[in-house]
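One file, run.tsv, carrying TSV, C-alpha atoms and all ligand atoms:
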```
chain	number	residue	atom	x	y	z
A	356	MET	CA	15.15	20.04	39.56
A	357	ALA	CA	13.65	18.74	36.36
A	358	LEU	CA	13.24	15.44	34.55
A	359	LYS	CA	13.60	14.78	30.84
A	360	LEU	CA	13.43	11.74	28.60
A	361	ASP	CA	15.78	12.21	25.64
A	362	LYS	CA	15.44	10.78	22.11
A	363	GLN	CA	17.51	7.74	23.01
A	364	GLY	CA	15.13	6.89	25.85
A	365	GLN	CA	17.53	7.98	28.59
A	366	LEU	CA	16.22	9.65	31.67
A	367	LEU	CA	17.97	12.93	32.48
A	368	VAL	CA	17.74	14.77	35.77
A	369	MET	CA	18.65	18.43	35.61
A	370	THR	CA	19.78	19.66	38.93
A	371	PRO	CA	22.09	22.26	40.49
A	372	LEU	CA	25.61	20.95	41.09
A	373	THR	CA	25.18	21.28	44.83
A	374	THR	CA	22.25	18.85	45.05
A	375	ARG	CA	22.87	15.94	47.35
A	376	VAL	CA	22.42	12.38	46.11
A	377	SER	CA	19.76	11.67	48.75
A	378	GLU	CA	17.74	14.69	47.53
A	379	LEU	CA	18.13	13.50	43.98
A	380	LYS	CA	16.83	10.05	44.86
A	381	ARG	CA	13.83	11.52	46.70
A	382	PHE	CA	13.01	13.70	43.72
A	383	VAL	CA	13.12	10.79	41.27
A	384	VAL	CA	10.89	8.67	43.51
A	385	THR	CA	8.24	11.41	43.60
A	386	ARG	CA	8.21	11.46	39.78
A	387	ASP	CA	7.57	7.74	39.57
A	388	VAL	CA	4.27	8.01	37.67
A	389	TRP	CA	5.67	10.52	35.18
A	390	ILE	CA	8.66	8.27	34.48
A	391	ARG	CA	6.55	5.14	33.95
A	392	GLU	CA	4.16	6.93	31.60
A	393	HIS	CA	6.89	8.51	29.51
A	394	LEU	CA	8.94	5.33	29.28
A	395	ALA	CA	5.83	3.40	28.16
A	396	GLN	CA	5.11	6.04	25.48
A	397	TYR	CA	8.72	5.91	24.33
A	398	LYS	CA	8.64	2.11	24.07
A	399	GLN	CA	5.38	2.21	22.13
A	400	LEU	CA	6.80	4.73	19.68
A	401	GLN	CA	9.92	2.65	19.17
A	402	GLU	CA	7.87	-0.48	18.47
A	403	THR	CA	5.70	1.40	16.01
A	404	LYS	CA	8.76	2.70	14.21
A	405	LEU	CA	10.29	-0.77	14.06
A	406	GLU	CA	7.05	-2.19	12.72
A	407	THR	CA	7.17	-0.06	9.61
A	408	LEU	CA	10.89	0.26	9.10
A	409	GLY	CA	11.72	-0.46	5.47
A	410	GLN	CA	8.13	-1.28	4.58
A	411	SER	CA	6.78	0.03	1.32
A	412	LEU	CA	3.81	-0.41	-0.93
A	413	TRP	CA	3.47	-0.43	-4.70
A	414	PHE	CA	0.60	1.68	-5.92
A	415	MET	CA	0.09	2.60	-9.61
A	416	GLY	CA	3.74	1.78	-10.28
A	417	GLU	CA	5.07	3.99	-7.52
A	418	GLN	CA	6.77	2.71	-4.43
A	419	LEU	CA	5.13	4.45	-1.48
A	420	LYS	CA	6.73	4.64	1.92
A	421	VAL	CA	4.50	3.31	4.69
A	422	GLU	CA	4.38	4.88	8.10
A	423	SER	CA	2.26	3.94	11.04
A	424	LEU	CA	0.89	6.54	13.42
A	425	VAL	CA	-0.65	5.76	16.76
A	426	GLY	CA	-3.00	8.57	17.69
A	427	VAL	CA	-6.59	9.65	17.92
A	428	LYS	CA	-7.95	8.29	14.64
A	429	ASN	CA	-8.22	5.15	12.55
A	430	GLY	CA	-7.83	5.06	8.78
A	431	ILE	CA	-5.37	5.48	5.94
A	432	ASP	CA	-4.11	8.71	4.39
A	433	HIS	CA	-2.43	8.78	1.00
A	434	THR	CA	-0.21	11.75	0.22
A	435	PRO	CA	2.40	11.88	-2.59
A	436	GLY	CA	4.96	9.15	-1.95
A	437	LEU	CA	3.55	8.19	1.43
A	438	ILE	CA	0.87	6.01	3.00
A	439	THR	CA	0.05	6.79	6.62
A	440	LEU	CA	-1.72	4.12	8.63
A	441	ASN	CA	-3.50	5.73	11.55
A	442	SER	CA	-4.60	3.62	14.44
A	443	ARG	CA	-5.72	4.22	17.99
A	444	GLN	CA	-3.44	1.53	19.34
A	445	PRO	CA	-0.23	-0.06	18.09
A	446	LEU	CA	-0.91	-2.80	15.55
A	447	GLU	CA	1.09	-5.90	14.83
A	448	ARG	CA	2.77	-6.26	11.48
A	449	ALA	CA	0.16	-8.76	10.23
A	450	ALA	CA	-2.69	-6.39	11.10
A	451	LEU	CA	-0.91	-3.50	9.36
A	452	ASP	CA	-0.44	-5.63	6.25
A	453	ARG	CA	-4.11	-6.65	6.26
A	454	ARG	CA	-5.17	-3.00	6.43
A	455	LEU	CA	-2.83	-2.08	3.58
A	456	MET	CA	-4.13	-4.89	1.38
A	457	LYS	CA	-7.72	-3.91	2.14
A	458	TRP	CA	-6.94	-0.32	1.19
A	459	LEU	CA	-5.25	-1.41	-2.04
A	460	ARG	CA	-8.19	-3.58	-2.98
A	461	ALA	CA	-10.63	-0.73	-2.33
A	462	GLN	CA	-8.54	1.50	-4.62
A	463	ALA	CA	-8.65	-1.23	-7.27
A	464	GLU	CA	-12.44	-1.54	-6.99
A	465	LEU	CA	-12.69	2.19	-7.70
A	466	ALA	CA	-10.03	2.65	-10.36
A	467	LEU	CA	-10.10	-0.51	-12.50
A	468	PRO	CA	-13.74	-0.33	-13.68
A	469	ALA	CA	-13.05	3.30	-14.64
A	470	CYS	CA	-10.05	2.14	-16.72
A	471	VAL	CA	-12.24	-0.40	-18.52
A	472	GLU	CA	-14.85	2.27	-19.23
A	473	LYS	CA	-12.20	4.64	-20.61
A	474	SER	CA	-10.69	1.93	-22.79
A	475	SER	CA	-14.12	0.89	-24.09
A	476	GLN	CA	-14.88	4.48	-25.07
A	477	ARG	CA	-11.54	4.76	-26.85
A	478	THR	CA	-11.63	1.42	-28.71
A	479	GLY	CA	-15.33	0.74	-29.17
A	480	LEU	CA	-14.86	-2.65	-27.43
A	481	HIS	CA	-17.61	-3.04	-24.85
A	482	GLY	CA	-17.83	-5.99	-22.48
A	483	SER	CA	-20.93	-7.02	-20.55
A	484	GLY	CA	-19.50	-5.91	-17.21
A	485	VAL	CA	-16.44	-5.74	-14.97
A	486	GLN	CA	-15.59	-7.85	-11.96
A	487	ILE	CA	-12.62	-7.29	-9.66
A	488	LYS	CA	-11.20	-10.55	-8.35
A	489	ALA	CA	-8.22	-12.00	-6.49
A	490	TYR	CA	-6.03	-14.20	-8.64
A	491	THR	CA	-2.58	-15.54	-7.88
A	492	ALA	CA	-1.58	-16.51	-11.39
A	493	ARG	CA	-3.32	-14.18	-13.85
A	494	TRP	CA	-3.98	-10.48	-14.25
A	495	GLY	CA	-7.32	-10.72	-15.91
A	496	SER	CA	-9.64	-12.68	-18.12
A	497	CYS	CA	-12.46	-12.22	-20.58
A	498	ARG	CA	-15.37	-14.61	-20.17
A	499	HIS	CA	-17.37	-15.98	-23.08
A	500	ASP	CA	-20.35	-13.89	-21.97
A	501	GLY	CA	-18.21	-10.75	-22.27
A	502	LEU	CA	-17.56	-10.24	-18.58
A	503	ILE	CA	-14.13	-8.68	-17.99
A	504	GLN	CA	-12.49	-9.94	-14.81
A	505	LEU	CA	-9.47	-8.13	-13.42
A	506	ASN	CA	-7.06	-8.95	-10.64
A	507	TRP	CA	-7.18	-6.25	-7.94
A	508	LYS	CA	-3.38	-6.56	-7.60
A	509	LEU	CA	-3.11	-4.76	-10.94
A	510	ILE	CA	-3.52	-1.52	-8.97
A	511	GLN	CA	0.12	-1.93	-7.94
A	512	THR	CA	1.38	-1.65	-11.52
A	513	PRO	CA	1.98	1.54	-13.57
A	514	PRO	CA	-1.10	3.10	-15.22
A	515	GLU	CA	0.13	2.19	-18.73
A	516	VAL	CA	0.46	-1.48	-17.67
A	517	ILE	CA	-3.09	-1.41	-16.28
A	518	ASP	CA	-4.29	0.08	-19.58
A	519	TYR	CA	-2.49	-2.66	-21.50
A	520	VAL	CA	-4.08	-5.48	-19.44
A	521	VAL	CA	-7.52	-3.90	-19.82
A	522	LEU	CA	-7.05	-3.54	-23.56
A	523	HIS	CA	-5.76	-7.13	-23.75
A	524	GLU	CA	-8.92	-8.48	-22.12
A	525	LEU	CA	-11.23	-6.23	-24.15
A	526	SER	CA	-9.50	-7.39	-27.34
A	527	HIS	CA	-10.55	-10.95	-26.50
A	528	LEU	CA	-14.12	-9.82	-27.16
A	529	ARG	CA	-13.17	-9.85	-30.88
A	530	HIS	CA	-10.55	-12.61	-30.86
A	531	PHE	CA	-10.98	-15.32	-28.30
A	532	ASN	CA	-7.38	-16.50	-28.62
A	533	HIS	CA	-3.83	-15.15	-28.80
A	534	SER	CA	-3.57	-15.29	-32.59
A	535	ALA	CA	-1.64	-12.87	-34.78
A	536	LEU	CA	-4.92	-11.06	-35.44
A	537	PHE	CA	-5.46	-10.65	-31.71
A	538	TRP	CA	-2.01	-9.12	-31.19
A	539	ARG	CA	-2.47	-6.89	-34.24
A	540	GLN	CA	-5.61	-5.50	-32.66
A	541	VAL	CA	-3.83	-4.93	-29.31
A	542	GLY	CA	-0.95	-3.22	-31.16
A	543	GLN	CA	-3.37	-0.95	-33.03
A	544	HIS	CA	-4.61	0.61	-29.79
A	545	CYS	CA	-1.42	0.21	-27.78
A	546	PRO	CA	1.74	0.29	-29.94
A	547	ASP	CA	3.99	-0.19	-26.87
A	548	TYR	CA	2.22	-3.30	-25.61
A	549	LYS	CA	5.42	-5.39	-25.78
A	550	ILE	CA	7.10	-3.09	-23.26
A	551	HIS	CA	4.18	-3.43	-20.86
A	552	ARG	CA	4.00	-7.17	-21.34
A	553	LYS	CA	7.70	-7.38	-20.50
A	554	TRP	CA	7.21	-5.18	-17.43
A	555	LEU	CA	4.65	-7.67	-16.14
A	556	LYS	CA	6.93	-10.59	-16.91
A	557	ASP	CA	9.85	-8.94	-15.06
A	558	ASN	CA	7.98	-7.51	-12.05
A	559	GLY	CA	4.61	-9.19	-11.95
A	560	ARG	CA	5.45	-12.34	-10.08
A	561	LEU	CA	6.38	-10.42	-6.94
A	562	LEU	CA	3.26	-8.25	-7.04
A	563	ILE	CA	0.77	-10.98	-7.87
A	564	SER	CA	1.79	-13.23	-5.00
A	565	CYS	CA	0.90	-10.73	-2.29
B	1	ZN	ZN	-5.22	-13.14	-23.24
```
Structure encoded using structure tokens:
Amino acid sequence: MALKLDKQGQLLVMTPLTTRVSELKRFVVTRDVWIREHLAQYKQLQETKLETLGQSLWFMGEQLKVESLVGVKNGIDHTPGLITLNSRQPLERAALDRRLMKWLRAQAELALPACVEKSSQRTGLHGSGVQIKAYTARWGSCRHDGLIQLNWKLIQTPPEVIDYVVLHELSHLRHFNHSALFWRQVGQHCPDYKIHRKWLKDNGRLLISC
């Protein structure tokens, strides 16, 4: 006789046709520990699956699927189209979300200063430094002392939108307003800026409120 737990969580007993019910019952009782362990594992897996069902994450303009894996390690893996959250024990939705946000912010801290540097090289507009911040109503700002401040949530938007926001803030180093001269300068370095500005208007509210 043998026991099996199928994909639907049903317990199957494989037995010769001639087995008596009393024998069957005895067999199942002796496998008590095995059954409990496997049912617990099954339940855990189901909960983990439910936790991440339909969840996704915007990263550099791409919608990544999020999956949660309970196993031997902690940490986040990013492969094309997919974010895998590894944890040693099942996490609640709120904890998963916190980890994802922390990961996104870390990516922003790495990538956004590099975007500013690249844009400065290209345009000759150099600020006094870069700071990554959390804003709920703006994507960036340029301080009077030349410090460029960027919202970490920008990391969710497409690379060309990030470049536009960076260029926008750097352009304030020359024009501390939104005058026609300011927009002419933005347009010189980024002819498609109106498209990117519209993208932010259409999609930004959802991303910035996270
Ligand atoms: Zn501005």
Please compute the atom CA of His544 of chain A-atom CA of Glu464 of chain A distance, one decimal, in Å.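 Taking atom CA of His544 of chain A and atom CA of Glu464 of chain A, their separation equals 24.2 Å.
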Neighbouring residues of ligand ZN 1 (chain B) are defined here as those with any atom at most 7 Å from a ligand atom, counting all atoms listed in the file; list them as a PyMOL selection string. chain A and resi 496+523-524+527+532-533
Polymer residues at most 8 Å from Thr439 of chain A, only C-alpha atoms, same-chain spacing of 2 or more positions, as an NGL selection string: :A and (421-424 or 431-433 or 437 or 441)
Could you state the separation of atom CA of Asp547 of chain A and atom CA of Gly501 of chain A in Å, given to one decimal place?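 Separation of atom CA of Asp547 of chain A and atom CA of Gly501 of chain A: 25.0 Å.
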Counting only C-alpha atoms, closest pick from A:Ile517, A:Leu505, A:Lys362, A:Met356 relative to Phe382 of chain A is A:Met356
For Leu509 of chain A, find every residue with an atom within 12 Å (counting only C-alpha atoms), except residues of its own chain fewer than 5 positions away, and show them as a PyMOL selection string. chain A and resi 413-416+459-460+462-464+466-468+470+487-495+504+514-521+555+558-565
Taking all atoms listed in the file into account, name the residue in A:Lys359, A:Val425, A:Gly364, A:Ser474 that is nearest to Ala395 of chain A.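 When distances to Ala395 of chain A are compared using all atoms listed in the file, the smallest one comes from A:Gly364.
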Select, from A:Ala450, A:Leu522, A:Leu455, A:Val376, the residue with the minimum atom-to-atom distance to Ile438 of chain A, counting all atoms listed in the file.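 Nearest candidate to Ile438 of chain A out of A:Ala450, A:Leu522, A:Leu455, A:Val376: A:Leu455.
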Find the residues near Leu366 of chain A: any atom within 9 Å, counting all atoms listed in the file, skip ones fewer than 4 places away on the same chain, and give them as a list in words.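 Final neighbour list, sorted by chain and number: Leu358, Lys359, Leu360, Asp361, Ile390 and Leu394 of chain A.
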One decimal, Å: what's the distance from atom CA of Lys398 of chain A over to atom CA of Gln363 of chain A, could you say? 10.6 Å
With distances taken over only C-alpha atoms, the candidate from A:Arg454, A:Ser483, A:Asp500, A:His530 nearest Leu412 of chain A is A:Arg454
